[in-house]
Amino acid sequence: MNLLKKGILRLEWAREHMDVMKDIRKELKENGILEGVRISMALHVEAKTGILALTLQEIGAKVRLASCNPLSTDDSVAVALNEEYDLETFARKGEDSEEYYRNLNSVLDLNPQIVIDDGADLIFLLHTDRKDLAGNIWGANEETTTGVVRLRALEKEGRLSFPVIDVNDAYMKHLFDNRYGTGQSTFDGIFTATNLLIAGKTFVVGGYGWCGRGIAMRAKGLGADVIVTEVDPIKAIEARMDGFRVMPMIEAVKEADFIVSATGCKDIVRKEHFEAIKDGAVLANSGHFDNEISKKDLEEMAASVRKVRDFVDEYILKNGKKIYLLGEGRLINLAAGQGHPVEIMDMSFAIQALSAAYIAENYENMEIKVHQVPYEIDEKVARIKLKSMGIGIDELTPEQIKYVNEWREGT
C-alpha cells in the first residue's frame, strides 16, 4: 500500500507539470487516430513514462509497458500503473536477465501494431525470437542514440522489417532531452549515490554528443575542471572551443576524480585505462547499456569487491588502487536517480505520442527504413511548450516571406 500511494502521488505530480502532454492528449482524443490500436512499450518505467502510457490508454489505445533497463524501474510507479490505473506493466527494479526478457516478451504478447522502444530491445526481439509478430507491426518509435545505431545497422543490412521513426534525433528531443535532461539527471544520480563534492574535482566526460555536452556543461557549472575524450575530431574541436580540455582517455584517467561515459558505444573505459587510473576514481555511465565501462575487465583485475553504499561498489585492484563503480555501470540517472526532469520528458513524450499517431495515419505509405520525425511535429511541440512558458515570438511579415523565397532580390 505504501508503494501504491507513493506511485499515485508521483504520477499525479508528473501529470501536473507536463503541460505539452495535456494539449497532445486533448488533440489525440478528439481525432481518435489511436483508438483501439495495440501499442507495446519498453521504456524506463517511472512517473513521466507512466504519463505517456496513461495518455495513450486514455485516448483509447491498448497499452502494455515493460522496462528497457533492469535497474531503471520505479517500483512505486509500476505498482500504481497496475493496481490503480489497470495499465498492464511488466517491470521491477533489479530484474535479472531472464526476468527482463520475459517481461519484454509479455509486452509483445499483446501482438502490437505500434512499438515504442528505448534501446531497440523490443525491435531486436521482433527481428529474432518473435519474428512471427513482425508482419503485424505498422511501425515503431526509437528513443535513444544507442537504439538508433542498432536500427541503422539493421537497415544497412537490408533486414529491417517495418518502418521506424528516429525520435532520438528530433530537434525537440535531442536538443533538450539529451543535453539538459541527461546533464541534470546524471548529477542527480551521482549525488544520490555518493554525496561527494564536484567543485574543484577533475571530471572526465567520455563522448561529446548531445548527452556529453550536457554533462560537461553541468560539471563546469558545478566548479569542476572538465576533460572531454572523443574519437570524432570535429566534436573534439567543439569541446575545446567550448572551454574544455580534450585528451585521450588513457591520459584523462590519470587525473580523473570522476569519469562519466555517454557514447552509445562499448568499452569506453577498459583494462588499459584501469591500469593507469587515478586511485579513488569514481566511475559512472550515462549511456543506455551497461557495457561502456568494461565490468568484465574490472572484475578480472580486482582483488576484492564490496558494496560500500547504495549504488556504489568498491573495487580494490591487485595493484592496490581503489575504483568506485556507480549503479553497476548502468545509466546512473535512473539507477540511482529519478531520471530526466519532468518538463524535459514532457516534450520528448509528446513527440513519442504524436509520432505514434503519425504511424497509425500513414503506415500504409511509409517506406521500410529509419525515418526522421516530421518537422511539423517538432514545430508543434515547440509552439505548445512556448505557450506553456508564457513566451511569444515574432512572425515573418508577408514582405519578409517573399524576400526569403525570392532569388532575384538582393540586399
# chains A, B, ... in the order shown; residues from 1 in each chain; ligands from 1

$ closest_atom_pairs --of "range 138-173 of chain A" --to "range 344-351 of chain A" --cutoff "9 Å" --atoms "only C-alpha atoms" --output "Markdown table"
| residue | atom | partner | partner_atom | distance |
| --- | --- | --- | --- | --- |
| A:Glu143 | CA | A:Ser348 | CA | 8.7 |
| A:Val167 | CA | A:Ile351 | CA | 7.2 |
| A:Asn168 | CA | A:Ser348 | CA | 8.7 |
| A:Ala170 | CA | A:Ile351 | CA | 8.1 |
| A:Met172 | CA | A:Met347 | CA | 6.7 |
| A:Lys173 | CA | A:Ser348 | CA | 5.1 |

$ select_by_dssp --residues "range 36-276 of chain A" --states "helix (DSSP H, G or I)" --output "ChimeraX atom specification"
/A:47-58,75-83,97-108,121-126,131-134,145-156,167-169,171-194,210-221,233-241,249-252,271-276

$ residues_around --residues "Ile215 in chain A" --least-positions-apart "4" --cutoff "10 Å" --atoms "only C-alpha atoms" --output "PyMOL selection string"
chain A and resi 178-187+203-211+219-221+226+260-262+286

$ residues_around --residues "Ala14 in chain A" --least-positions-apart "4" --cutoff "12 Å" --atoms "only C-alpha atoms" --output "VMD selection string"
chain A and resid 7 to 10 18 to 22 46 to 52 54 77 338 340 to 346

$ residues_around --residues "Val305 in chain A" --least-positions-apart "6" --cutoff "7 Å" --atoms "only C-alpha atoms" --output "list of chain:residue names"
A:Asp313, A:Glu314, A:Tyr315, A:Ile316

$ write_last_selection --atoms "all heavy atoms" --output "PDB file, in the first residue's frame"
ATOM      1  N   ASP A 313      29.786   0.323  -5.689  1.00  0.00           N
ATOM      2  CA  ASP A 313      30.631  -0.858  -5.473  1.00  0.00           C
ATOM      3  C   ASP A 313      32.095  -0.437  -5.498  1.00  0.00           C
ATOM      4  O   ASP A 313      32.545   0.242  -6.436  1.00  0.00           O
ATOM      5  CB  ASP A 313      30.382  -1.907  -6.561  1.00  0.00           C
ATOM      6  CG  ASP A 313      28.996  -2.516  -6.470  1.00  0.00           C
ATOM      7  OD1 ASP A 313      28.551  -2.772  -5.328  1.00  0.00           O
ATOM      8  OD2 ASP A 313      28.352  -2.713  -7.516  1.00  0.00           O
ATOM      9  N   GLU A 314      32.833  -0.854  -4.477  1.00  0.00           N
ATOM     10  CA  GLU A 314      34.261  -0.550  -4.373  1.00  0.00           C
ATOM     11  C   GLU A 314      35.074  -1.730  -4.916  1.00  0.00           C
ATOM     12  O   GLU A 314      34.946  -2.854  -4.437  1.00  0.00           O
ATOM     13  CB  GLU A 314      34.642  -0.296  -2.916  1.00  0.00           C
ATOM     14  CG  GLU A 314      36.129  -0.049  -2.695  1.00  0.00           C
ATOM     15  CD  GLU A 314      36.496  -0.090  -1.220  1.00  0.00           C
ATOM     16  OE1 GLU A 314      36.506  -1.199  -0.634  1.00  0.00           O
ATOM     17  OE2 GLU A 314      36.744   0.982  -0.659  1.00  0.00           O
ATOM     18  N   TYR A 315      35.874  -1.464  -5.929  1.00  0.00           N
ATOM     19  CA  TYR A 315      36.786  -2.462  -6.488  1.00  0.00           C
ATOM     20  C   TYR A 315      38.197  -2.113  -6.034  1.00  0.00           C
ATOM     21  O   TYR A 315      38.694  -1.020  -6.335  1.00  0.00           O
ATOM     22  CB  TYR A 315      36.734  -2.463  -8.016  1.00  0.00           C
ATOM     23  CG  TYR A 315      35.460  -3.026  -8.600  1.00  0.00           C
ATOM     24  CD1 TYR A 315      34.285  -2.273  -8.627  1.00  0.00           C
ATOM     25  CD2 TYR A 315      35.427  -4.312  -9.137  1.00  0.00           C
ATOM     26  CE1 TYR A 315      33.109  -2.794  -9.165  1.00  0.00           C
ATOM     27  CE2 TYR A 315      34.260  -4.842  -9.682  1.00  0.00           C
ATOM     28  CZ  TYR A 315      33.107  -4.070  -9.686  1.00  0.00           C
ATOM     29  OH  TYR A 315      31.956  -4.588 -10.230  1.00  0.00           O
ATOM     30  N   ILE A 316      38.831  -3.022  -5.311  1.00  0.00           N
ATOM     31  CA  ILE A 316      40.239  -2.847  -4.968  1.00  0.00           C
ATOM     32  C   ILE A 316      41.044  -3.701  -5.936  1.00  0.00           C
ATOM     33  O   ILE A 316      40.923  -4.931  -5.956  1.00  0.00           O
ATOM     34  CB  ILE A 316      40.535  -3.247  -3.508  1.00  0.00           C
ATOM     35  CG1 ILE A 316      39.690  -2.392  -2.543  1.00  0.00           C
ATOM     36  CG2 ILE A 316      42.026  -3.078  -3.212  1.00  0.00           C
ATOM     37  CD1 ILE A 316      39.904  -2.718  -1.081  1.00  0.00           C
TER      38      ILE A 316
END

$ residues_around --residues "Tyr85 in chain A" --least-positions-apart "2" --cutoff "12 Å" --atoms "only C-alpha atoms" --output "compact mmCIF listing (two decimals) with C-alpha atoms, in the first residue's frame"
# COMPACT_ATOMS: atom_id res chain seq x y z
CA LEU A 4 0.86 2.27 -4.32
CA GLY A 7 3.35 5.82 -7.08
CA ILE A 8 -0.02 7.56 -7.42
CA LEU A 11 2.20 10.13 -11.33
CA GLU A 12 -0.05 12.99 -10.24
CA GLY A 50 3.72 6.44 -16.82
CA ILE A 51 2.03 9.61 -18.04
CA ALA A 53 1.45 5.25 -21.24
CA LEU A 54 -1.65 6.55 -19.46
CA THR A 55 -2.15 9.22 -22.13
CA GLN A 57 -4.54 4.43 -22.79
CA GLU A 58 -6.83 7.39 -22.06
CA VAL A 63 -1.12 -0.47 -23.99
CA VAL A 77 5.03 3.72 -10.33
CA ALA A 78 4.89 0.16 -11.67
CA VAL A 79 2.58 -0.85 -8.82
CA ALA A 80 0.36 2.22 -9.30
CA LEU A 81 0.04 1.67 -13.05
CA ASN A 82 -1.04 -1.92 -12.50
CA GLU A 83 -3.24 -1.52 -9.43
CA LEU A 87 -2.36 -0.48 -17.25
CA GLU A 88 -0.53 -3.77 -17.81
CA THR A 89 3.02 -3.11 -16.64

$ select_by_dssp --residues "range 245-406 of chain A" --states "strand (DSSP E or B)" --output "NGL selection string"
:A and (245-246 or 258-261 or 269 or 281-285 or 293 or 302-309 or 312-317 or 322-326 or 331 or 370-372)

$ atom_distance --atom1 "CA of Val37 in chain A" --atom2 "CA of Ala61 in chain A"
4.9 Å

$ atom_distance --atom1 "CA of Arg408 in chain A" --atom2 "CA of Ile393 in chain A"
28.4 Å
